[in-house]
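Reviewing the structure listed below.
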Amino acid sequence: MKITFFVHCFFPNHFYGTETYTLDLARHYQAWGHDVTVVSAIFQGEPSAADLVTRYEYQGIKVVCIDKNHLPHTRVKETYYQPDMGPVFEQILSELQPDVVHVTHLINHTAILLEITAKLGIPTYATFTDFFGFCFNNKLEAADGELCAGPSATRTNCVACYLKEAARSPHAQGWMRKATTPFAAKTIATVAVALHKFPGIKGGQMDMLIEDIACRPDVLNNLYNNGYRAAIAPTKFLGDAYRANGMETPLHDIWFGVDIDRSPKPERPKGHVPTIGFIGQIAPHKGTDLLIEAFCRLPRNSAQLRIYGPEDQDAVYMANLKALATGYDAQFLGTFPKESMASILQDIDLLVIPSRWYENSPLVLLNALATHTPVLVSNVSGMTEFLDSGTNGYAFERGSADYLYRQLLDLVLSREKLYSLTKSTSYDKTSSAMAEETLAIY
């Protein structure tokens, strides 16, 4: 069978969860005798390739890469539905002649891809790794930082999310720059939605912007329901969120699988100081600041903190984190090769995932559990689904450094309690088992 994956970006330049998931499926399918190709993209604004479409191989997997710098989006609608991409997809798919298309993320490709696969009669499937299908910022996080249920009837909450981000851009229009606080973003969004069809505004830039944002959930919902034969959700929570927001395509809950050395964690010697770890993107929605704030309140010499992640993702945020951690036993250790994950986790006694948004089965969580590393996570459903409190870790109130501090304090002062968790912490599912379940859906 010829199988083509579409993912927003891919190795070697991008290497996070969705890219790893795509690679795992691709390499298993290829090992089982299938002809596999990954179609990826270069983000608009990243260093450009010489041509619109380039080709290379990664770990024996054929990759076709589309450079969005050659076909940039010029308005909000083109970030989720860009007709100019249609001929590119038609040419690529006509060359590849796949029996199946599997989409692991539509960012960069946009939902025009689903029209092209339908036109060519190619059965198309999806894995949802975030809320792109109905949420403007993909994270179900409202402009005020609270968790969101999805687009409101007026889409005012979606407009507020857009304005909150746009206000930071030096290219934003004057009225957008005033949306610097959640209250201002919500107020301006409410006024803009109410006025955008008035004479003098209708047909202008504001009207076009509001329409692009307001139409997004309906455009994607229609194309998803008519374009996908079936889809996969890695958590029940994510699947339920799509169903609650109009998804009618059959959804299968399939947990991600991970491949890592599952050897028992070494016994800690007497007097060992617990190592608290963070692994992931270092950005506000990941809550790294919450962890550092809570850690710095612990008694001196009661624990050490090791933070792994890219230091260039948000320079201002990183500088603030380092200033906050100055004088404490907290180290920023950058990124590491995927192959080092097991050895890194061997040395961590407690992995903390303090995310502010609805995480969805983050691979670092599954890798931690598989290496018998207990976890402390925000109490959001995309992570607590894997948690058996008191057996493989604990949860704390999302966004609260106070609650996180209390949980950390209890664990670092009760070291035997912490170290005993490693014996009851595990995660057995492999990527091979995940791939078998996924292939069966086709």
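Going through the structure tokens in order, the chains are called A, B, and so on, while each chain numbers its residues from 1 and the ligands are numbered from 1 in the order shown.
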
Query raised in the report: So which residues touch Pro87 of chain A within 12 Å, counting only C-alpha atoms, skipping near sequence neighbours fewer than 2 positions away, as a list in words?
Result: Leu71, Gln82, Pro83, Asp84, Met85, Phe89, Glu90, Gln91, Ile92, Leu93, Ser94, His109, Ile112, Leu113, Glu115, Ile116, Thr117 and Lys119 of chain A

Take the residues from that selection and write them out as a PDB file, in the first residue's frame, keeping C-alpha atoms.
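What follows is the written file again.pdb:
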ATOM      1  CA  LEU A  71       3.314  30.791  -1.263  1.00  0.00           C
ATOM      2  CA  GLN A  82      -5.427  28.551   1.152  1.00  0.00           C
ATOM      3  CA  PRO A  83      -6.623  27.765  -2.394  1.00  0.00           C
ATOM      4  CA  ASP A  84      -3.197  28.663  -3.838  1.00  0.00           C
ATOM      5  CA  MET A  85      -1.880  25.458  -2.276  1.00  0.00           C
ATOM      6  CA  PHE A  89      -1.011  19.282  -3.672  1.00  0.00           C
ATOM      7  CA  GLU A  90      -2.621  18.057  -6.861  1.00  0.00           C
ATOM      8  CA  GLN A  91       0.763  17.804  -8.565  1.00  0.00           C
ATOM      9  CA  ILE A  92       2.436  16.074  -5.598  1.00  0.00           C
ATOM     10  CA  LEU A  93      -0.381  13.581  -5.124  1.00  0.00           C
ATOM     11  CA  SER A  94      -0.604  12.866  -8.836  1.00  0.00           C
ATOM     12  CA  HIS A 109      -1.064  22.765   4.283  1.00  0.00           C
ATOM     13  CA  ILE A 112      -7.682  22.908   0.930  1.00  0.00           C
ATOM     14  CA  LEU A 113      -5.764  19.633   1.054  1.00  0.00           C
ATOM     15  CA  GLU A 115     -10.713  19.213  -1.175  1.00  0.00           C
ATOM     16  CA  ILE A 116      -7.857  17.953  -3.329  1.00  0.00           C
ATOM     17  CA  THR A 117      -7.818  14.442  -1.829  1.00  0.00           C
ATOM     18  CA  LYS A 119     -11.246  15.426  -5.925  1.00  0.00           C
TER      19      LYS A 119
END

So which residues touch Leu363 of chain A within 9 Å, counting only C-alpha atoms, skipping near sequence neighbours fewer than 2 positions away, as an mmCIF file with N, CA and C atoms, in the first residue's frame?
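Okay, out01.cif is ready:
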data_model
loop_
_atom_site.group_PDB
_atom_site.id
_atom_site.type_symbol
_atom_site.label_atom_id
_atom_site.label_comp_id
_atom_site.auth_asym_id
_atom_site.auth_seq_id
_atom_site.Cartn_x
_atom_site.Cartn_y
_atom_site.Cartn_z
ATOM 1 N N TYR A 16 9.502 17.774 17.553
ATOM 2 C CA TYR A 16 8.645 17.638 18.744
ATOM 3 C C TYR A 16 7.626 16.507 18.562
ATOM 4 N N GLY A 17 6.561 16.549 19.341
ATOM 5 C CA GLY A 17 5.677 15.402 19.457
ATOM 6 C C GLY A 17 5.021 14.940 18.172
ATOM 7 N N THR A 20 7.522 13.440 15.783
ATOM 8 C CA THR A 20 7.962 12.122 16.249
ATOM 9 C C THR A 20 6.886 11.071 15.999
ATOM 10 N N TYR A 21 5.644 11.418 16.270
ATOM 11 C CA TYR A 21 4.517 10.509 16.016
ATOM 12 C C TYR A 21 4.463 10.120 14.542
ATOM 13 N N PHE A 256 -0.908 7.118 22.247
ATOM 14 C CA PHE A 256 0.404 7.085 21.616
ATOM 15 C C PHE A 256 1.255 5.985 22.259
ATOM 16 N N GLY A 257 2.171 5.440 21.466
ATOM 17 C CA GLY A 257 3.139 4.495 21.995
ATOM 18 C C GLY A 257 4.528 5.108 21.955
ATOM 19 N N VAL A 258 5.388 4.677 22.858
ATOM 20 C CA VAL A 258 6.757 5.203 22.907
ATOM 21 C C VAL A 258 7.753 4.046 22.951
ATOM 22 N N ASN A 360 -2.193 17.334 25.351
ATOM 23 C CA ASN A 360 -2.832 16.134 24.830
ATOM 24 C C ASN A 360 -1.816 15.016 24.708
ATOM 25 N N SER A 361 -1.725 14.209 25.733
ATOM 26 C CA SER A 361 -0.820 13.058 25.713
ATOM 27 C C SER A 361 0.584 13.450 25.284
ATOM 28 N N LEU A 365 5.544 12.971 28.766
ATOM 29 C CA LEU A 365 4.818 12.334 29.873
ATOM 30 C C LEU A 365 4.871 10.820 29.736
ATOM 31 N N LEU A 366 4.587 10.328 28.540
ATOM 32 C CA LEU A 366 4.582 8.881 28.324
ATOM 33 C C LEU A 366 5.984 8.296 28.477
ATOM 34 N N ASN A 367 6.995 9.031 27.995
ATOM 35 C CA ASN A 367 8.379 8.562 28.170
ATOM 36 C C ASN A 367 8.766 8.516 29.637
ATOM 37 N N ALA A 368 8.318 9.496 30.395
ATOM 38 C CA ALA A 368 8.618 9.491 31.827
ATOM 39 C C ALA A 368 8.001 8.269 32.499
#

Query raised in the report: So which residues touch Ala241 of chain A within 12 Å, counting only C-alpha atoms, skipping near sequence neighbours fewer than 2 positions away, as a ChimeraX atom specification?
Result: /A:128-135,139-140,148-151,233,235-239,243-248,251,358,360,381-382

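Here the question is which of A:Glu19, A:Asp218, A:Asp410, A:Glu437 gets nearest to Ala111 of chain A using only C-alpha atoms, and that residue is A:Asp218.
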
Requested in this report: Enumerate as a ChimeraX atom specification all residues of segment 17-256 of chain A assigned to strand (DSSP E) by DSSP on the backbone, naming them with the chain letters and numbers the document uses.
Outcome: /A:35-42,53-58,61-67,100-103,124-127,230-233,251-253

Can I get the selection written as a tab-separated table (two decimals), in the first residue's frame, with C-alpha atoms?
chain	number	residue	atom	x	y	z
A	35	ASP	CA	5.58	2.57	0.37
A	36	VAL	CA	5.65	5.66	2.61
A	37	THR	CA	6.21	9.35	1.89
A	38	VAL	CA	5.97	12.31	4.26
A	39	VAL	CA	4.86	15.68	2.89
A	40	SER	CA	6.08	18.46	5.15
A	41	ALA	CA	6.58	22.23	4.94
A	42	ILE	CA	8.85	25.12	5.78
A	53	VAL	CA	9.08	21.93	-3.54
A	54	THR	CA	12.21	20.04	-2.47
A	55	ARG	CA	12.86	16.39	-1.67
A	56	TYR	CA	15.12	14.55	0.74
A	57	GLU	CA	15.27	11.43	2.91
A	58	TYR	CA	15.28	11.18	6.68
A	61	ILE	CA	11.82	7.89	4.79
A	62	LYS	CA	11.10	9.87	1.62
A	63	VAL	CA	10.17	13.49	2.38
A	64	VAL	CA	8.60	16.08	0.11
A	65	CYS	CA	8.89	19.60	1.54
A	66	ILE	CA	6.82	22.64	0.51
A	67	ASP	CA	8.33	26.05	1.24
A	100	VAL	CA	-4.19	6.49	1.58
A	101	VAL	CA	-3.45	9.99	2.88
A	102	HIS	CA	-2.97	10.42	6.62
A	103	VAL	CA	-2.89	13.98	7.97
A	124	THR	CA	-8.04	10.43	3.85
A	125	TYR	CA	-7.56	9.97	7.60
A	126	ALA	CA	-6.31	12.20	10.40
A	127	THR	CA	-4.72	12.22	13.80
A	230	ALA	CA	-11.99	8.50	10.18
A	231	ALA	CA	-9.76	10.24	12.68
A	232	ILE	CA	-7.65	9.35	15.72
A	233	ALA	CA	-7.55	11.13	19.05
A	251	LEU	CA	-13.19	9.03	15.95
A	252	HIS	CA	-10.92	6.36	17.41
A	253	ASP	CA	-9.20	6.83	20.76

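Checking A:Asn379, A:Asn222, A:Thr74, A:Thr4 one by one against Leu23 of chain A, counting only C-alpha atoms, you find the shortest gap at A:Thr4.
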
All residues 12 Å or closer to Ser389 of chain A, only C-alpha atoms, same chain fewer than 2 positions away omitted, as a PDB file with N, CA and C atoms, in the first residue's frame:
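Saved result, selection_39.pdb, follows:
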ATOM      1  N   PRO A 374       8.127   9.074  38.108  1.00  0.00           N
ATOM      2  CA  PRO A 374       6.838   9.652  38.491  1.00  0.00           C
ATOM      3  C   PRO A 374       6.708  11.091  38.006  1.00  0.00           C
ATOM      4  N   VAL A 375       5.461  11.546  37.885  1.00  0.00           N
ATOM      5  CA  VAL A 375       5.198  12.852  37.298  1.00  0.00           C
ATOM      6  C   VAL A 375       4.332  13.695  38.228  1.00  0.00           C
ATOM      7  N   LEU A 376       4.459  14.986  38.059  1.00  0.00           N
ATOM      8  CA  LEU A 376       3.595  15.961  38.731  1.00  0.00           C
ATOM      9  C   LEU A 376       3.085  16.872  37.622  1.00  0.00           C
ATOM     10  N   VAL A 377       1.781  16.836  37.354  1.00  0.00           N
ATOM     11  CA  VAL A 377       1.231  17.505  36.173  1.00  0.00           C
ATOM     12  C   VAL A 377       0.081  18.438  36.542  1.00  0.00           C
ATOM     13  N   ASN A 379      -3.621  19.740  36.405  1.00  0.00           N
ATOM     14  CA  ASN A 379      -4.829  18.902  36.411  1.00  0.00           C
ATOM     15  C   ASN A 379      -5.715  19.186  35.202  1.00  0.00           C
ATOM     16  N   MET A 383      -3.721  15.143  30.387  1.00  0.00           N
ATOM     17  CA  MET A 383      -2.625  14.472  31.108  1.00  0.00           C
ATOM     18  C   MET A 383      -3.142  13.587  32.233  1.00  0.00           C
ATOM     19  N   THR A 384      -4.173  14.028  32.949  1.00  0.00           N
ATOM     20  CA  THR A 384      -4.650  13.243  34.082  1.00  0.00           C
ATOM     21  C   THR A 384      -5.268  11.921  33.642  1.00  0.00           C
ATOM     22  N   GLU A 385      -5.598  11.800  32.358  1.00  0.00           N
ATOM     23  CA  GLU A 385      -6.097  10.535  31.825  1.00  0.00           C
ATOM     24  C   GLU A 385      -5.071   9.419  32.020  1.00  0.00           C
ATOM     25  N   PHE A 386      -3.794   9.782  32.115  1.00  0.00           N
ATOM     26  CA  PHE A 386      -2.716   8.806  32.274  1.00  0.00           C
ATOM     27  C   PHE A 386      -2.231   8.710  33.720  1.00  0.00           C
ATOM     28  N   LEU A 387      -2.883   9.432  34.605  1.00  0.00           N
ATOM     29  CA  LEU A 387      -2.409   9.530  35.983  1.00  0.00           C
ATOM     30  C   LEU A 387      -3.240   8.662  36.916  1.00  0.00           C
ATOM     31  N   THR A 391       0.121   6.567  42.654  1.00  0.00           N
ATOM     32  CA  THR A 391       0.757   5.376  42.099  1.00  0.00           C
ATOM     33  C   THR A 391       1.882   5.744  41.131  1.00  0.00           C
ATOM     34  N   ASN A 392       1.571   6.665  40.192  1.00  0.00           N
ATOM     35  CA  ASN A 392       2.612   7.089  39.248  1.00  0.00           C
ATOM     36  C   ASN A 392       2.825   8.609  39.268  1.00  0.00           C
ATOM     37  N   GLY A 393       2.240   9.268  40.232  1.00  0.00           N
ATOM     38  CA  GLY A 393       2.445  10.709  40.350  1.00  0.00           C
ATOM     39  C   GLY A 393       1.251  11.414  40.955  1.00  0.00           C
ATOM     40  N   TYR A 394       1.212  12.721  40.752  1.00  0.00           N
ATOM     41  CA  TYR A 394       0.169  13.563  41.326  1.00  0.00           C
ATOM     42  C   TYR A 394      -0.159  14.697  40.356  1.00  0.00           C
ATOM     43  N   ALA A 395      -1.271  15.355  40.621  1.00  0.00           N
ATOM     44  CA  ALA A 395      -1.663  16.528  39.847  1.00  0.00           C
ATOM     45  C   ALA A 395      -1.800  17.719  40.783  1.00  0.00           C
ATOM     46  N   PHE A 396      -1.670  18.925  40.222  1.00  0.00           N
ATOM     47  CA  PHE A 396      -1.873  20.144  41.001  1.00  0.00           C
ATOM     48  C   PHE A 396      -2.766  21.077  40.193  1.00  0.00           C
ATOM     49  N   LEU A 421       7.597   5.675  44.400  1.00  0.00           N
ATOM     50  CA  LEU A 421       6.698   5.766  43.243  1.00  0.00           C
ATOM     51  C   LEU A 421       7.295   5.125  41.997  1.00  0.00           C
ATOM     52  N   SER A 424       6.010   1.691  41.055  1.00  0.00           N
ATOM     53  CA  SER A 424       4.631   1.510  40.592  1.00  0.00           C
ATOM     54  C   SER A 424       4.308   2.378  39.374  1.00  0.00           C
ATOM     55  N   THR A 425       5.351   2.974  38.789  1.00  0.00           N
ATOM     56  CA  THR A 425       5.172   3.835  37.626  1.00  0.00           C
ATOM     57  C   THR A 425       5.626   3.098  36.372  1.00  0.00           C
TER      58      THR A 425
END

Would you mind listing, for every residue of segment 217-311 of chain A within 7 Å of segment 316-338 of chain A, the two atoms forming the shortest contact and the distance between them in Å to one decimal, using only C-alpha atoms, sorted by chain and ascending residue number, as a Markdown table?
| residue | atom | partner | partner_atom | distance |
| --- | --- | --- | --- | --- |
| A:Ala283 | CA | A:Tyr317 | CA | 7.0 |
| A:Asp289 | CA | A:Leu321 | CA | 6.2 |
| A:Ile292 | CA | A:Ala325 | CA | 6.5 |
| A:Cys296 | CA | A:Tyr328 | CA | 6.6 |
| A:Gln304 | CA | A:Asp329 | CA | 5.3 |
| A:Leu305 | CA | A:Ala330 | CA | 4.5 |
| A:Arg306 | CA | A:Gln331 | CA | 5.1 |
| A:Ile307 | CA | A:Phe332 | CA | 4.9 |
| A:Tyr308 | CA | A:Gly334 | CA | 5.0 |
| A:Gly309 | CA | A:Gly334 | CA | 4.8 |
| A:Pro310 | CA | A:Gly334 | CA | 5.3 |
| A:Glu311 | CA | A:Gly334 | CA | 6.3 |

Report task. Apply DSSP to the backbone of this structure and, from segment 157-375 of chain A, keep only the residues in alpha helix (DSSP H); write these as a count of residues only. Result -> 89

Report task. Name the closest residue to Thr371 of chain A among the candidates A:Asn225, A:Ser263, A:Ser340, A:Asn108; distances are taken between atoms, counting only C-alpha atoms. Result -> A:Ser263

Determine, counting only C-alpha atoms, which protein, DNA and RNA residues have an atom within 9 Å of an atom of Leu298 of chain A; residues of the same chain fewer than 4 positions away are not included. Present the result as a compact mmCIF listing (two decimals) with C-alpha atoms, in the first residue's frame.
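Resulting contents of result_12.txt:
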# COMPACT_ATOMS: atom_id res chain seq x y z
CA ALA A 294 7.50 27.01 43.19
CA SER A 302 16.06 20.01 49.54
CA ALA A 303 16.04 19.45 45.77
CA TYR A 405 4.86 24.38 45.66
CA LEU A 408 6.74 19.65 45.64
CA LEU A 409 7.34 20.40 49.31
CA VAL A 412 10.96 16.46 48.62

Report summary line: Shortest contact to Gly390 of chain A, candidates A:Lys186, A:His372, A:Arg155, A:Lys417, atoms counted only C-alpha atoms, goes to A:Lys417

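Each of A:Ile279, A:Ile441, A:Ala214, A:Val352 was checked against Ala153 of chain A using only C-alpha atoms; the smallest atom-to-atom distance is that of A:Ala214.
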
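Across the model, the gap from atom CA of Gly86 of chain A to atom CA of Leu52 of chain A is 13.4 Å.
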
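Computed from the coordinates, the atom CA of Ser414 of chain A to atom CA of Lys270 of chain A distance equals 13.2 Å.
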
For Lys178 of chain A, please output as a compact mmCIF listing (two decimals) with C-alpha atoms, in the first residue's frame all residues within 12 Å (counting only C-alpha atoms; exclusion window: fewer than 4 positions along the same chain).
# COMPACT_ATOMS: atom_id res chain seq x y z
CA ALA A 160 -10.26 38.25 21.30
CA LEU A 163 -6.30 40.48 19.04
CA LYS A 164 -4.34 39.42 22.13
CA GLU A 165 -1.59 38.03 19.90
CA ALA A 166 -1.84 40.72 17.23
CA ALA A 167 -1.32 43.49 19.81
CA ARG A 168 2.27 42.29 20.26
CA SER A 169 3.13 42.68 16.58
CA ALA A 172 -0.64 45.48 13.86
CA GLN A 173 -3.13 48.17 12.94
CA GLY A 174 -3.57 50.94 15.46
CA PRO A 182 -7.36 40.33 28.33
CA PHE A 183 -10.06 42.84 29.27
CA ALA A 184 -9.10 45.17 26.42
CA ALA A 185 -8.92 42.27 23.94
CA LYS A 186 -12.38 41.04 24.93
CA THR A 187 -13.89 44.54 24.87
CA ILE A 188 -12.41 45.46 21.48
CA ALA A 189 -13.44 42.08 20.08

Query raised in the report: Can you tell me how far atom CA of Arg356 of chain A sits from atom CA of Val159 of chain A, in Å to one decimal?
Result: 20.4 Å

Using only C-alpha atoms, which protein or nucleic acid residues come within 8 Å of Leu114 of chain A? Drop anything in the same chain fewer than 5 positions from it, and give the result as a PDB file with N, CA and C atoms, in the first residue's frame.
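Output below, filename selection.pdb:
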ATOM      1  N   THR A 124      -8.847   9.548   3.015  1.00  0.00           N
ATOM      2  CA  THR A 124      -8.035  10.429   3.852  1.00  0.00           C
ATOM      3  C   THR A 124      -8.418  10.271   5.316  1.00  0.00           C
ATOM      4  N   LEU A 223     -15.270  20.713   6.095  1.00  0.00           N
ATOM      5  CA  LEU A 223     -14.250  19.961   5.355  1.00  0.00           C
ATOM      6  C   LEU A 223     -13.793  18.729   6.118  1.00  0.00           C
ATOM      7  N   TYR A 224     -13.707  18.824   7.438  1.00  0.00           N
ATOM      8  CA  TYR A 224     -13.333  17.657   8.230  1.00  0.00           C
ATOM      9  C   TYR A 224     -14.397  16.563   8.102  1.00  0.00           C
ATOM     10  N   GLY A 227     -14.298  15.359   4.491  1.00  0.00           N
ATOM     11  CA  GLY A 227     -13.016  14.986   3.909  1.00  0.00           C
ATOM     12  C   GLY A 227     -12.332  13.804   4.564  1.00  0.00           C
ATOM     13  N   TYR A 228     -12.597  13.575   5.850  1.00  0.00           N
ATOM     14  CA  TYR A 228     -11.943  12.482   6.563  1.00  0.00           C
ATOM     15  C   TYR A 228     -12.876  11.274   6.670  1.00  0.00           C
TER      16      TYR A 228
END
